[in-house]
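Here's the structure we're looking at; comments come further down.
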Amino acid sequence: MESAGVARVAVEVPLANLDRPFDYLVTPDQAADAVVGARVRVRFAGRQRGGFILERVAASEHADLLPLHAVVSPEPVLTPAVAELVRRVADHYAGSFADVVRLAVPPRHGLTEKAVPPVHPVPDLTGTPAGSLAHYPGGPGLVRALAQGRAPRAAWTVVPRPDGAGDWMGGFLDAAAATLAAGRGALLLVPDATDLAGLAERARLRFGAGSFVALAADAGPAARYRAFLAALRGQVQLVLGNRSAGFAPVANLGLIALWDDGDDSWADARAPYPHAREVAALRAHSEGAALLLAARSRTAEVQSLVAADWLRPIQLGPAGTRAAAALVRVSGATDLALDRDPQARAARVPHEVFEVVRLGLAAGPVLVQVPRAGYRPVLVCAGCGAEARCPRCRQPLLEAAGGTGPGCRWCGPVVGGWACAECGRRRWRAPVVGVQRTTEEFGRAFPGVRVVSSSGEARLGELDDRPAIVLATPGAEPSARFGYAAAVLLDSAALLRRPELRADEEALRRWLAVTALVRAAEEGGTVLLVGDPGDRTVQALVRLDPVGHAERELADRRAAGFPPAAKLVTIEGDQPVLHEVLRALALPEPVVVQGPFATGTDPDGPGRLTLRCDLPHGPALVGSVRTLLSMRSAAKAEGALRVRVDPQVV
DNA sequence: ATTCGGACGGCC
DNA sequence: GCCGTCCGAATT
């Protein structure tokens, strides 16, 4: 057949053993359109499939090539840089190119593509810098390095206050402006739609409308594809977005900035479950871009990158932070004791709380954070109320499946039965967290005061500065126009006791988020936490020291063999299949195996296998899991498997 | 001799 | 996944 050479195509097939390019002939009439990055349709195993052209080559090693069925459009939607990123992300997570490329390239919207592209003005970079990075040692240096076209990498710990040094959006825009001034593109990533809207508004004021695009997954196919095309075609050099925007085709990428990497929305729910922070780090590395991971708190993952000197810390330190933020105090109500007597619920709210609320109401709105019922409670000792923890890894224990006693999500049922580490008793129970009672109580205690509530489903918008008591569940706290006069963090133990691996980290992150809504201490801002003054996470909040907390968190992960200090791979599937998998895996020597354990009640039903090893052996472990998946796919082995590399939540 | 079907290998 | 082919058993 007459042809214009060969296209190497990444075909959209879900099978692990077919995760490689396939060659197709380019016919002469396709030659102009079949550019690298173009979306194509090909016949594959007798069916029509989608795909992307990765390369154009003169000839193939294969005989009898099929021609491309069609070039969907000449738009090169998968740039070489993004294709390489997709491959790296797939490899990192033992996933396939086809799975990841779906996240990177939005579905085509033909009408949008054919429409005359809108005019995108050049961003106005002459505006006054917002300057929040200037408050930090190393901040001006970072901006200068970006302006010189270099690629610094930093972990920016942002002071928890509503303005000034707490204005991280201003810092992001400063970093973006410097990057754009050096002639490179910038990608600013935020975890949710609210932050995206806020940042887009700030960018509009700073650079002018149309000089950037916002890539929101929920904006609808046309709007999403239009923003994607504007970036792809180089009409804008500044892209804002949520999780999937980490793959956005920004030409000559100079900066990726990501806000609040501890937010769980950064973890993709679709296989192979990539985390946007890892995607950003891989991309910054391979494209020679700067990386700015900014947050009020610090995750163990960022801490490990700082410890490895891969990220430079930009922070004020605890003393400087305390000088700039609200005053944080702790009220040592021992709700461990109260747990024993659910009738004593009223006493859960100590007198000191009412004092702080009363004083705060004189100056403005007051926020009360109430942990939501529905966090799956962990077990506590029936004798002394201490948390039941796994004797091996110190993670909280849950009621094991089938009510067979305490079990660890990672290590399985406790061998030999559980005994309290504090008092030695062998009986346990699940503590109860109440919410409604607390809400009613504030209404009674402050008659005539506006009491409103905000939670996941019914979330309030921004508040004015009139006195009000706002009861909010964690993560649903509305901001106040001029900052809250005070905030109360009730029942801190309920957050700390969540059975997730990152419960402590998450609690501190949420408390710092509340602190950031409160006016600085010099304006009378106060945060009162009700909880155990001896708890290290409570102490980290009082000292405003998320870095110290992350150091200890990372040390704990190291001791227990959890990410990011170790490589952890979980495999889920029916237990007979998992036993098969375990036999078939050519595991490198130092891999520690746990399980398979039942995740339900059926011993032959769904279960989980856990594999872990030290970081240097991580790529080999992930590689052998990937090889196994390929072999099982090629052999058409029965039984679906779900593989997670460094899972966020198990 | 012919047809049917299930298993298996390859997919460009 | 799905298609094609190959081989063995059943059917005429």
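Chain labels A, B, ... are given in the sequence in which chains occur in the structure tokens; within each chain residues are numbered consecutively from 1, and ligands are likewise numbered from 1 in the order shown.
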Check your understanding: What's the 12 Å shell around DG8 (chain C), counting only C-alpha atoms (C1' of nucleotides), without same-chain residues fewer than 3 positions away, as a count of residues only?
Key -> 4
**Study point:** chain A residues near chain B (12 Å cut-off, only C-alpha atoms (C1' of nucleotides)) as a count of residues only
**Key:** 37
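Every protein or nucleic acid residue with an atom no more than 10 Å from Leu215 (chain A), counting only C-alpha atoms (C1' of nucleotides) and leaving out same-chain residues fewer than 4 positions away, appears here: Leu189, Leu196, Ala219, Ala223, Arg224, Tyr225, Arg226, Ala227, Phe228, Ala231, Val239, Leu240, Gly241, Asn242, Arg243, Ser244, Ala245, Gly246 and Ala248 of chain A.
You will find CA of Pro396 (chain A) at 22.1 Å from CA of Thr473 (chain A).
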Exercise for review: Select residues of chain C: the criterion is any atom within 9 Å of an atom of chain A, counting only C-alpha atoms (C1' of nucleotides); output as a list of chain:residue names.
Suggested key: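 On the chain C side, the interface is C:DG1, C:DC2, C:DC3.
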Take the selection from the previous step and output its residues with N, CA and C atoms (P, O5', C5', C4', C3', O3' and C1' of nucleotides), as a PDB file, in the first residue's frame.
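Wrote it out as again17.pdb, contents follow:
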ATOM      1  P    DG C   1     -12.001  -6.563  30.343  1.00  0.00           P
ATOM      2  O5'  DG C   1     -11.983  -7.944  29.478  1.00  0.00           O
ATOM      3  C5'  DG C   1     -12.918  -8.348  28.505  1.00  0.00           C
ATOM      4  C4'  DG C   1     -12.971  -7.318  27.440  1.00  0.00           C
ATOM      5  C3'  DG C   1     -13.598  -7.827  26.159  1.00  0.00           C
ATOM      6  O3'  DG C   1     -14.479  -6.870  25.640  1.00  0.00           O
ATOM      7  C1'  DG C   1     -11.273  -7.327  25.815  1.00  0.00           C
ATOM      8  P    DC C   2     -15.613  -7.605  24.646  1.00  0.00           P
ATOM      9  O5'  DC C   2     -14.849  -7.958  23.289  1.00  0.00           O
ATOM     10  C5'  DC C   2     -14.327  -6.927  22.471  1.00  0.00           C
ATOM     11  C4'  DC C   2     -13.636  -7.585  21.320  1.00  0.00           C
ATOM     12  C3'  DC C   2     -14.445  -8.729  20.697  1.00  0.00           C
ATOM     13  O3'  DC C   2     -14.408  -8.568  19.309  1.00  0.00           O
ATOM     14  C1'  DC C   2     -12.263  -9.450  21.241  1.00  0.00           C
ATOM     15  P    DC C   3     -15.362  -9.439  18.369  1.00  0.00           P
ATOM     16  O5'  DC C   3     -14.414  -9.678  17.131  1.00  0.00           O
ATOM     17  C5'  DC C   3     -13.159  -8.979  17.042  1.00  0.00           C
ATOM     18  C4'  DC C   3     -12.169  -9.850  16.307  1.00  0.00           C
ATOM     19  C3'  DC C   3     -12.785 -10.930  15.429  1.00  0.00           C
ATOM     20  O3'  DC C   3     -12.111 -10.925  14.203  1.00  0.00           O
ATOM     21  C1'  DC C   3     -11.297 -11.908  17.002  1.00  0.00           C
TER      22       DC C   3
END
Check your understanding: So which residues touch Ala458 (chain A) within 10 Å, counting only C-alpha atoms (C1' of nucleotides), skipping near sequence neighbours fewer than 4 positions away, as a VMD selection string?
Key -> chain A and resid 453 to 454 472 476
How about saving the chosen residues, C-alpha atoms kept, as a compact mmCIF listing (two decimals), in the first residue's frame?
# COMPACT_ATOMS: atom_id res chain seq x y z
CA SER A 453 -24.39 25.82 61.09
CA SER A 454 -22.36 24.74 58.10
CA ALA A 472 -19.20 23.86 61.34
CA ALA A 476 -16.96 23.05 55.88
**Study point:** In region 104-324 of chain A, DSSP alpha helix (DSSP H) residues written as a PyMOL selection string
**Key:** chain A and resi 104+110-114+139-147+168-181+193-207+221-232+276-287+300-307+317-324
Practice item. Can you check which residues of region 104-254 of chain A DSSP gives as strand (DSSP E or B) on the backbone and send them as a list in words? Key: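 Residues of region 104-254 of chain A classed as strand (DSSP E or B): Arg153, Ala154, Ala155, Trp156, Thr157, Gly185, Ala186, Leu187, Leu188, Leu189, Val213, Ala214, Leu215, Leu238, Val239, Leu240, Gly241, Leu253 and Gly254 of chain A.
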For the selection just defined, write its residues with C-alpha atoms to a file, as a PDB file, in the first residue's frame.
ATOM      1  CA  ARG A 153      11.911  23.669  44.380  1.00  0.00           C
ATOM      2  CA  ALA A 154      10.414  24.707  47.698  1.00  0.00           C
ATOM      3  CA  ALA A 155       8.080  23.689  50.522  1.00  0.00           C
ATOM      4  CA  TRP A 156       6.329  26.866  51.631  1.00  0.00           C
ATOM      5  CA  THR A 157       4.749  26.696  55.078  1.00  0.00           C
ATOM      6  CA  GLY A 185       4.546  29.014  31.554  1.00  0.00           C
ATOM      7  CA  ALA A 186       3.072  28.461  35.000  1.00  0.00           C
ATOM      8  CA  LEU A 187       0.598  25.986  36.443  1.00  0.00           C
ATOM      9  CA  LEU A 188      -1.173  26.870  39.705  1.00  0.00           C
ATOM     10  CA  LEU A 189      -3.065  23.957  41.273  1.00  0.00           C
ATOM     11  CA  VAL A 213      -7.451  29.880  31.891  1.00  0.00           C
ATOM     12  CA  ALA A 214      -8.989  27.840  34.684  1.00  0.00           C
ATOM     13  CA  LEU A 215      -9.256  24.111  34.017  1.00  0.00           C
ATOM     14  CA  LEU A 238      -0.865  30.729  32.928  1.00  0.00           C
ATOM     15  CA  VAL A 239      -3.140  27.823  33.792  1.00  0.00           C
ATOM     16  CA  LEU A 240      -5.075  27.401  37.033  1.00  0.00           C
ATOM     17  CA  GLY A 241      -6.848  24.215  37.917  1.00  0.00           C
ATOM     18  CA  LEU A 253       6.597  24.946  31.726  1.00  0.00           C
ATOM     19  CA  GLY A 254       8.558  26.942  34.278  1.00  0.00           C
TER      20      GLY A 254
END
Review point. Which distance in Å separates CA of Val530 (chain A) and CA of Ser492 (chain A), to one decimal?
Key: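 Interatomic distance here is 6.1 Å.
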**Study point:** d(CA of Trp410 (chain A), CA of Asp504 (chain A)) in Å
**Key:**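 Computed distance, CA of Trp410 (chain A) to CA of Asp504 (chain A), equals 17.0 Å.
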Point to revise | For Gly131 (chain A): contacts at 7 Å, only C-alpha atoms (C1' of nucleotides), fewer than 3 positions along chain excluded, given as a ChimeraX atom specification | key: /A:134,170-171,174
Deliver the residues from the most recent selection as a file, using N, CA and C atoms, as a PDB file, in the first residue's frame.
ATOM      1  N   ALA A 134       7.222  37.746  50.306  1.00  0.00           N
ATOM      2  CA  ALA A 134       8.267  38.651  50.805  1.00  0.00           C
ATOM      3  C   ALA A 134       8.372  38.616  52.327  1.00  0.00           C
ATOM      4  N   GLY A 170      -1.725  35.405  46.886  1.00  0.00           N
ATOM      5  CA  GLY A 170      -0.843  36.478  46.432  1.00  0.00           C
ATOM      6  C   GLY A 170       0.559  35.961  46.132  1.00  0.00           C
ATOM      7  N   GLY A 171       1.026  35.040  46.974  1.00  0.00           N
ATOM      8  CA  GLY A 171       2.342  34.451  46.752  1.00  0.00           C
ATOM      9  C   GLY A 171       2.383  33.626  45.466  1.00  0.00           C
ATOM     10  N   ASP A 174       2.578  36.038  42.599  1.00  0.00           N
ATOM     11  CA  ASP A 174       3.940  36.583  42.490  1.00  0.00           C
ATOM     12  C   ASP A 174       4.858  35.595  41.777  1.00  0.00           C
TER      13      ASP A 174
END
